[in-house]
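Just protein-v2.tsv here, TSV, C-alpha atoms:
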```tsv
chain	number	residue	atom	x	y	z
S	7	MET	CA	0.00	0.00	0.00
S	8	LYS	CA	2.83	2.43	0.92
S	9	ILE	CA	4.55	1.87	-2.45
S	10	SER	CA	1.41	2.71	-4.40
S	11	LEU	CA	0.89	5.84	-2.30
S	12	ILE	CA	4.44	6.97	-3.02
S	13	LEU	CA	3.81	6.53	-6.73
S	14	ILE	CA	0.72	8.68	-6.34
S	15	VAL	CA	2.85	11.36	-4.68
S	16	PHE	CA	5.27	11.43	-7.62
S	17	ALA	CA	2.36	11.70	-10.02
S	18	PHE	CA	0.73	14.34	-7.83
S	19	GLU	CA	3.88	16.51	-7.81
S	20	PHE	CA	4.40	16.01	-11.54
S	21	ILE	CA	0.86	17.20	-12.24
S	22	LEU	CA	1.34	20.22	-9.96
S	23	PHE	CA	4.60	21.12	-11.67
S	24	SER	CA	3.24	20.57	-15.17
S	25	ASN	CA	0.09	22.56	-14.51
S	26	ALA	CA	2.12	25.42	-13.05
S	27	LYS	CA	4.38	25.53	-16.06
S	28	SER	CA	1.50	25.38	-18.51
S	29	GLY	CA	-0.33	28.21	-16.76
S	30	GLU	CA	-3.35	26.08	-15.88
S	31	GLU	CA	-2.57	26.21	-12.14
S	32	GLN	CA	-0.52	28.35	-9.80
S	33	PHE	CA	1.63	26.80	-7.12
S	34	ALA	CA	3.48	27.45	-3.88
S	35	LEU	CA	6.70	25.93	-2.58
S	36	VAL	CA	6.52	24.15	0.78
S	37	GLN	CA	9.19	22.50	2.94
S	38	PHE	CA	8.47	20.23	5.93
S	39	ILE	CA	10.78	19.80	8.94
S	40	HIS	CA	10.29	17.09	11.59
S	41	ASN	CA	11.19	18.60	14.98
S	42	SER	CA	8.98	16.65	17.40
S	43	SER	CA	11.31	15.71	20.26
S	44	ASP	CA	9.04	12.87	21.35
S	45	SER	CA	11.43	9.91	20.93
S	46	ARG	CA	8.43	7.64	20.35
S	47	LEU	CA	7.96	9.42	17.02
S	48	GLU	CA	11.36	8.90	15.42
S	49	LYS	CA	9.67	8.83	11.99
S	50	VAL	CA	6.31	10.14	10.78
S	51	ASP	CA	4.29	10.33	7.57
S	52	ILE	CA	2.61	13.49	6.26
S	53	TYR	CA	-0.57	13.43	4.19
S	54	ALA	CA	-2.06	16.36	2.26
S	55	ASN	CA	-5.78	16.00	1.54
S	56	GLY	CA	-5.41	12.25	1.87
S	57	THR	CA	-2.30	11.92	-0.32
S	58	LEU	CA	1.02	10.84	1.16
S	59	ILE	CA	3.53	13.63	0.46
S	60	ALA	CA	6.33	12.82	2.96
S	61	ASP	CA	7.07	9.21	3.84
S	62	ASN	CA	9.13	8.15	6.88
S	63	ILE	CA	10.44	11.65	7.58
S	64	GLU	CA	12.93	11.28	10.41
S	65	PHE	CA	13.41	13.46	13.49
S	66	GLN	CA	15.65	16.45	12.69
S	67	SER	CA	15.27	15.96	8.95
S	68	ALA	CA	13.60	18.03	6.24
S	69	THR	CA	12.11	17.65	2.80
S	70	ASN	CA	13.18	19.64	-0.21
S	71	TYR	CA	10.75	22.36	-1.25
S	72	MET	CA	7.81	20.68	-2.97
S	73	TYR	CA	5.15	22.10	-5.25
S	74	LEU	CA	1.64	22.39	-3.80
S	75	LEU	CA	-1.29	24.07	-5.48
S	76	ALA	CA	-1.90	27.66	-4.42
S	77	ASN	CA	-5.40	28.93	-3.57
S	78	THR	CA	-6.34	25.40	-2.52
S	79	GLU	CA	-7.57	24.35	0.89
S	80	TYR	CA	-5.24	21.80	2.46
S	81	HIS	CA	-5.72	19.51	5.43
S	82	PHE	CA	-2.42	18.03	6.59
S	83	SER	CA	-2.25	15.01	8.85
S	84	ILE	CA	0.72	13.64	10.76
S	85	ASN	CA	0.59	9.86	10.97
S	86	HIS	CA	2.78	7.22	12.51
S	87	ASN	CA	5.31	6.03	9.95
S	88	THR	CA	3.73	2.58	9.85
S	89	SER	CA	0.45	4.04	8.61
S	90	ILE	CA	-1.12	2.45	5.54
S	91	GLY	CA	-3.39	5.38	4.72
S	92	PHE	CA	-4.32	8.88	5.80
S	93	THR	CA	-6.95	7.62	8.28
S	94	ASP	CA	-4.59	5.12	9.89
S	95	GLN	CA	-2.66	5.99	13.08
S	96	VAL	CA	-3.40	9.74	12.86
S	97	LEU	CA	-1.40	11.75	15.40
S	98	ALA	CA	-2.49	15.31	14.54
S	99	VAL	CA	-4.42	17.22	11.86
S	100	ASN	CA	-3.87	20.84	10.80
S	101	SER	CA	-5.39	23.15	8.21
S	102	PHE	CA	-3.80	26.39	7.01
S	103	PRO	CA	-4.91	29.49	5.10
S	104	LEU	CA	-4.60	29.15	1.34
S	105	PHE	CA	-1.05	29.21	0.03
S	106	LYS	CA	-0.32	32.29	-2.07
S	107	PRO	CA	0.78	31.75	-5.67
S	108	TYR	CA	4.58	31.38	-5.80
S	109	GLY	CA	4.76	31.78	-2.03
S	110	GLU	CA	7.48	29.92	-0.12
S	111	TYR	CA	6.65	28.27	3.20
S	112	VAL	CA	8.28	26.19	5.92
S	113	ILE	CA	6.01	23.89	7.94
S	114	ILE	CA	7.52	22.52	11.17
S	115	ILE	CA	6.29	19.45	13.04
S	116	ASN	CA	6.74	20.06	16.75
S	117	GLY	CA	5.42	19.06	20.14
S	118	VAL	CA	4.74	15.85	21.98
S	119	GLY	CA	2.82	13.35	20.00
S	120	LEU	CA	0.67	10.87	21.81
S	121	GLY	CA	-1.55	13.11	23.91
S	122	ASP	CA	-0.49	11.69	27.28
S	123	PHE	CA	2.08	14.21	28.43
S	124	ASN	CA	2.11	17.82	29.55
S	125	LEU	CA	4.40	20.21	31.37
S	126	GLY	CA	1.86	21.17	33.99
S	127	SER	CA	2.26	24.83	34.91
S	128	LYS	CA	3.96	25.94	31.69
S	129	ASP	CA	0.63	27.36	30.43
S	130	ARG	CA	1.24	26.59	26.77
S	131	ASN	CA	0.26	24.01	24.22
S	132	ILE	CA	2.95	21.41	23.59
S	133	ALA	CA	0.74	18.92	21.74
S	134	LEU	CA	1.97	17.63	18.40
S	135	ASN	CA	1.18	20.16	15.69
S	136	LEU	CA	2.22	21.72	12.39
S	137	SER	CA	3.28	25.38	12.40
S	138	ILE	CA	3.75	27.43	9.24
S	139	PHE	CA	6.28	30.20	8.54
S	140	ASN	CA	7.51	32.20	5.58
S	141	GLY	CA	10.38	30.44	3.85
S	142	ILE	CA	13.23	31.67	1.67
S	143	LYS	CA	14.24	29.41	-1.17
S	144	GLY	CA	17.63	29.12	-2.82
S	145	ASP	CA	20.63	31.44	-2.90
S	146	VAL	CA	20.84	34.97	-1.48
S	147	PHE	CA	23.51	37.68	-1.68
S	148	PRO	CA	26.90	35.91	-1.72
S	149	GLU	CA	28.45	37.55	1.36
S	150	VAL	CA	25.60	37.11	3.85
S	151	ILE	CA	23.35	34.51	5.43
S	152	GLU	CA	19.60	34.96	5.58
S	153	LEU	CA	18.66	33.43	8.92
S	154	ASN	CA	15.47	32.58	10.76
S	155	LEU	CA	15.38	30.82	14.12
S	156	TYR	CA	12.56	28.68	15.45
S	157	HIS	CA	12.00	27.94	19.14
S	158	GLY	CA	11.15	24.26	19.37
S	159	VAL	CA	12.57	23.37	22.80
S	160	THR	CA	9.64	21.67	24.49
S	161	ASP	CA	10.36	22.62	28.10
S	162	ALA	CA	11.57	26.22	27.53
S	163	PRO	CA	8.63	28.68	27.49
S	164	SER	CA	10.65	31.55	25.96
S	165	PHE	CA	14.20	32.71	25.44
S	166	ASP	CA	16.41	35.49	24.12
S	167	ILE	CA	18.84	35.18	21.21
S	168	TYR	CA	22.16	37.03	21.21
S	169	ASP	CA	24.91	37.62	18.69
S	170	ASN	CA	27.55	36.29	21.04
S	171	LYS	CA	30.52	37.79	19.18
S	172	ASN	CA	29.11	41.32	19.21
S	173	LYS	CA	27.19	40.93	22.51
S	174	SER	CA	24.03	42.26	20.87
S	175	LEU	CA	20.42	41.15	21.23
S	176	VAL	CA	19.02	39.54	18.07
S	177	SER	CA	15.55	38.63	19.32
S	178	SER	CA	13.90	38.86	22.74
S	179	ASN	CA	11.15	36.89	24.42
S	180	LEU	CA	10.83	34.37	21.59
S	181	LYS	CA	8.05	32.08	22.71
S	182	TYR	CA	7.78	28.35	22.19
S	183	ASP	CA	6.57	27.30	18.71
S	184	ASN	CA	7.42	30.71	17.22
S	185	ALA	CA	10.13	31.99	14.85
S	186	MET	CA	12.05	35.25	15.20
S	187	GLY	CA	11.64	36.27	11.53
S	188	TRP	CA	14.23	36.50	8.76
S	189	LYS	CA	17.42	38.47	9.50
S	190	THR	CA	20.60	39.13	7.53
S	191	ILE	CA	23.80	37.86	9.17
S	192	LYS	CA	27.11	39.33	7.94
S	193	ASP	CA	29.59	38.31	10.64
S	194	ILE	CA	32.04	35.65	9.53
S	195	ASN	CA	32.54	34.57	13.17
S	196	SER	CA	28.91	34.00	14.07
S	197	GLU	CA	27.87	32.49	17.38
S	198	ILE	CA	24.28	32.45	18.54
S	199	LYS	CA	23.68	32.46	22.30
S	200	ILE	CA	20.30	31.25	23.50
S	201	SER	CA	19.51	32.42	27.02
S	202	GLU	CA	16.75	32.39	29.55
S	203	ASN	CA	14.43	35.27	28.78
S	204	LEU	CA	15.95	38.67	29.67
S	205	ASP	CA	19.04	37.15	31.31
S	206	ILE	CA	22.13	37.24	29.09
S	207	PHE	CA	24.21	35.08	31.44
S	208	SER	CA	21.75	32.30	32.11
S	209	GLN	CA	22.60	30.71	28.79
S	210	TYR	CA	20.93	27.56	27.57
S	211	GLY	CA	23.61	27.15	24.94
S	212	ILE	CA	26.00	28.87	22.53
S	213	PHE	CA	26.03	27.50	18.99
S	214	ASN	CA	28.57	28.14	16.27
S	215	ILE	CA	27.28	29.01	12.78
S	216	PRO	CA	29.96	28.04	10.22
S	217	PHE	CA	29.60	31.19	8.13
S	218	SER	CA	31.89	30.13	5.29
S	219	GLU	CA	29.91	26.93	4.80
S	220	PHE	CA	26.53	28.67	4.67
S	221	LYS	CA	27.54	31.98	3.04
S	222	GLY	CA	25.09	32.98	0.33
S	223	LYS	CA	22.36	30.68	1.67
S	224	SER	CA	19.11	30.99	3.54
S	225	LEU	CA	18.92	28.93	6.73
S	226	PHE	CA	16.16	27.95	9.07
S	227	LEU	CA	17.78	27.41	12.46
S	228	ILE	CA	15.80	24.99	14.59
S	229	THR	CA	16.23	24.60	18.35
S	230	SER	CA	15.23	21.17	19.49
S	231	GLY	CA	14.91	18.71	22.33
S	232	PHE	CA	14.58	19.26	26.08
S	233	LEU	CA	16.62	21.52	28.34
S	234	THR	CA	16.06	18.92	31.03
S	235	PRO	CA	15.97	15.39	29.55
S	236	ASP	CA	13.97	14.25	32.61
S	237	ASP	CA	11.04	16.16	31.10
S	238	GLU	CA	10.87	13.79	28.13
S	239	PRO	CA	7.86	11.45	27.88
S	240	ASP	CA	8.33	7.92	29.25
S	241	GLY	CA	11.63	8.94	30.85
S	242	ASN	CA	13.60	8.10	27.70
S	243	LYS	CA	16.04	10.99	28.25
S	244	GLU	CA	17.24	10.74	24.65
S	245	ARG	CA	16.61	14.29	23.45
S	246	GLY	CA	19.05	16.85	24.79
S	247	PHE	CA	19.07	20.52	23.84
S	248	GLU	CA	20.36	20.89	20.27
S	249	SER	CA	20.25	23.28	17.34
S	250	TYR	CA	20.51	22.48	13.64
S	251	ALA	CA	20.43	24.37	10.35
S	252	VAL	CA	18.12	23.49	7.47
S	253	THR	CA	18.83	24.71	3.93
S	254	SER	CA	16.30	25.13	1.16
S	255	ASP	CA	17.28	21.80	-0.44
S	256	GLY	CA	16.51	19.92	2.79
S	257	THR	CA	20.11	19.53	3.97
S	258	VAL	CA	20.34	19.36	7.77
S	259	ILE	CA	23.55	20.24	9.63
S	260	LEU	CA	23.77	19.88	13.41
S	261	LEU	CA	25.43	22.96	14.90
S	262	ASP	CA	28.35	22.67	17.31
S	263	LEU	CA	27.44	23.46	20.90
S	264	VAL	CA	30.23	25.77	22.04
S	265	SER	CA	29.12	25.80	25.67
S	266	SER	CA	26.04	25.29	27.78
S	267	VAL	CA	24.86	25.51	31.36
S	268	ASP	CA	23.80	22.27	33.02
S	269	ARG	CA	20.44	23.18	34.48
S	270	ASN	CA	20.21	20.14	36.77
S	271	LEU	CA	23.72	20.75	38.08
S	272	SER	CA	23.01	24.47	38.55
S	273	GLU	CA	19.77	23.83	40.41
S	274	SER	CA	21.34	21.21	42.68
S	275	SER	CA	24.30	23.46	43.56
S	276	ASN	CA	23.98	25.96	46.40
S	277	LEU	CA	25.32	29.50	46.81
S	278	TYR	CA	25.22	31.28	50.16
S	279	PRO	CA	24.85	33.69	51.82
S	280	ASN	CA	22.73	35.55	49.32
S	281	PRO	CA	22.71	38.55	49.67
S	282	SER	CA	26.32	38.69	50.78
S	283	SER	CA	28.87	41.34	51.64
S	284	ASN	CA	32.43	39.99	51.71
S	285	MET	CA	32.31	36.24	51.00
S	286	ILE	CA	30.24	33.69	49.08
S	287	GLU	CA	30.46	29.91	49.13
S	288	ILE	CA	29.27	27.56	46.37
S	289	VAL	CA	28.66	23.88	47.08
S	290	LEU	CA	28.62	21.65	44.00
S	291	LYS	CA	26.77	18.36	43.94
S	292	ASP	CA	28.63	15.44	42.33
S	293	ALA	CA	30.97	17.78	40.43
S	294	PHE	CA	34.40	19.36	40.83
S	295	SER	CA	35.32	22.89	39.89
S	296	LYS	CA	37.84	24.00	37.27
S	297	SER	CA	37.48	27.79	37.20
S	298	TYR	CA	34.96	30.59	37.67
S	299	ASN	CA	34.07	33.99	36.19
S	300	ILE	CA	31.98	36.65	37.95
S	301	TYR	CA	30.22	39.35	35.91
S	302	ASN	CA	28.35	42.46	36.94
S	303	ASN	CA	24.93	43.45	35.64
S	304	ASN	CA	26.55	45.27	32.69
S	305	SER	CA	28.22	42.07	31.40
S	306	GLU	CA	31.67	43.18	32.62
S	307	LEU	CA	34.05	40.53	33.97
S	308	MET	CA	34.80	41.41	37.61
S	309	LEU	CA	36.54	38.36	39.10
S	310	SER	CA	38.09	35.28	37.53
S	311	ASN	CA	40.20	32.46	38.92
S	312	LEU	CA	41.25	28.84	38.50
S	313	PHE	CA	39.80	26.72	41.27
S	314	GLU	CA	40.49	23.10	40.41
S	315	ASN	CA	39.07	19.88	41.86
S	316	GLN	CA	36.95	21.47	44.57
S	317	SER	CA	33.36	20.66	45.46
S	318	LYS	CA	33.18	23.69	47.75
S	319	ILE	CA	34.37	27.10	46.57
S	320	LYS	CA	34.86	30.11	48.84
S	321	ILE	CA	35.27	33.45	47.05
S	322	ASN	CA	36.28	36.76	48.60
S	323	THR	CA	33.84	39.38	47.26
S	324	SER	CA	34.97	42.30	49.43
S	325	GLN	CA	36.11	44.28	46.38
S	326	LEU	CA	32.67	44.12	44.77
S	327	THR	CA	30.27	47.03	45.25
S	328	SER	CA	26.58	46.62	46.02
S	329	GLY	CA	24.55	45.19	43.13
S	330	LYS	CA	23.60	42.07	41.20
S	331	TYR	CA	26.28	39.65	39.95
S	332	PHE	CA	26.47	36.42	37.99
S	333	ILE	CA	28.91	33.55	38.38
S	334	ILE	CA	29.63	30.84	35.80
S	335	ILE	CA	31.61	27.90	37.17
S	336	GLU	CA	33.35	25.46	34.84
S	337	THR	CA	33.22	21.95	36.31
S	338	ASP	CA	34.10	18.46	35.17
S	339	LYS	CA	30.36	17.86	34.53
S	340	GLY	CA	29.46	21.11	32.73
S	341	GLN	CA	28.82	24.76	33.55
S	342	VAL	CA	27.04	25.95	36.69
S	343	PHE	CA	25.25	29.30	36.63
S	344	LYS	CA	24.21	31.29	39.70
S	345	SER	CA	23.20	34.88	40.39
S	346	PHE	CA	23.72	36.66	43.68
S	347	LEU	CA	23.47	40.06	45.36
S	348	ILE	CA	26.15	42.09	47.13
S	349	SER	CA	24.80	44.37	49.82
S	350	LYS	CA	27.06	46.71	51.83
```

Rendering of file as structure tokens:
Amino acid sequence: MKISLILIVFAFEFILFSNAKSGEEQFALVQFIHNSSDSRLEKVDIYANGTLIADNIEFQSATNYMYLLANTEYHFSINHNTSIGFTDQVLAVNSFPLFKPYGEYVIIINGVGLGDFNLGSKDRNIALNLSIFNGIKGDVFPEVIELNLYHGVTDAPSFDIYDNKNKSLVSSNLKYDNAMGWKTIKDINSEIKISENLDIFSQYGIFNIPFSEFKGKSLFLITSGFLTPDDEPDGNKERGFESYAVTSDGTVILLDLVSSVDRNLSESSNLYPNPSSNMIEIVLKDAFSKSYNIYNNNSELMLSNLFENQSKIKINTSQLTSGKYFIIIETDKGQVFKSFLISK
């Protein structure tokens, strides 16, 4: 049954392409990206008005742009990859406004798929769904990257995006299942820092964008997975926080994680007294320190020191004036982030 449906897809796309070229129909270009971090849905099928258009699309993979008729009402269904038809093993159904003639769209599969999991107090919908965004197809000006970034991290309600090299804010308060919009990136040494909303130091991760590799291209950057793998359904703990780039031809490249803060390690570590005046102590749980940096509220480095193989760190803060500070501790298990107040 699957083989015959695939043949129908090829015929379907050929008809769409032929009609568009002959002037009988107008078309839009649509790309699908599978970003559902539910490890039970490693592969899915996508049907459009009952026709299979993407078969066995894997997690963190994308289709090429495909031709779909413009000004036509579409109902898309996400089905388990073992489905034998559009009514079999349906996971989610979405309908979208009519595609504009010659429009370019990216449709992202995101969320948790089997309807038996939620994040409680997060006050947002994380059910499996399809979300649509404007796409850019093909090459752009040769010395830049056209970049959009999508927030698909299931257990992060919102975050900020920074140009880490220039210490500038790219997008603020980007909410889950939203994209920041297309921006032009010119810096050959591009690093994107993704942080907790309105807190530049509480970084979720810093990712390197290999500019020379992507120069002259449009990229959809997708953030994926769980900040805390314990949040994953069924306790699989297989989907860590990641980011990957998708090009218009469906190529997917996982971005290098330059650094990240271990949220579990940070939460289990203690800093006291807080507020403090002349001394703070940090107690690490199941980790040993390597070094630390302390920054003020203006992102300026105030104190820095090697502090190797210690589970308890005492730091003299007598030279710091009253205000809010941030400490990032490098350990053998990852980075620990804490904020604290100095009061004198």

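With all atoms listed in the file as the atoms that count, the minimum distance from Asn170 (chain S) to the choices S:Leu134, S:Arg245, S:Ser305, S:Thr257 is reached by S:Ser305.
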
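Proximity of S:Gln66, S:Ser249, S:Asn270, S:Asn302 to Ser45 (chain S), computed with all atoms listed in the file, is greatest for S:Gln66.
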
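You will find CA of Asp169 (chain S) at 23.0 Å from CA of Lys330 (chain S).
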
So that I can check the surroundings of Phe232 (chain S), please list as an NGL selection string every protein, DNA and RNA residue that reaches within 8 Å of it, counting all atoms listed in the file and ignoring chain neighbours fewer than 5 positions away.
:S and (43 or 159-162 or 237-238 or 245-247)

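Atom pair CA of Ser274 (chain S) / CA of Tyr250 (chain S) has a distance of 29.1 Å (rounded to one decimal).
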
Separating CA of Asn304 (chain S) from CA of Ser324 (chain S), to the nearest tenth of an Å, is a gap of 19.0 Å

Contacts of Glu287 (chain S) at 8 Å or less, counting all atoms listed in the file, minus same-chain residues fewer than 2 places along, as a VMD selection string? chain S and resid 277 to 279 285 289 318 to 321

Taking (3.7, 29.4, -6.2) as a centre in this file's frame and 9 Å as the limit, can you find every polymer residue with an atom that close, using only C-alpha atoms, and give them as a PyMOL selection string? chain S and resi 26+32-35+73-76+105-110

Which polymer residues have any atom within 9 Å of an atom of Tyr80 (chain S), counting only C-alpha atoms, with same-chain residues fewer than 2 positions away left out, as a list in words? Ala54, Asn55, Thr78, Phe82, Asn100, Ser101, Phe102, Pro103, Leu104 and Phe105 of chain S
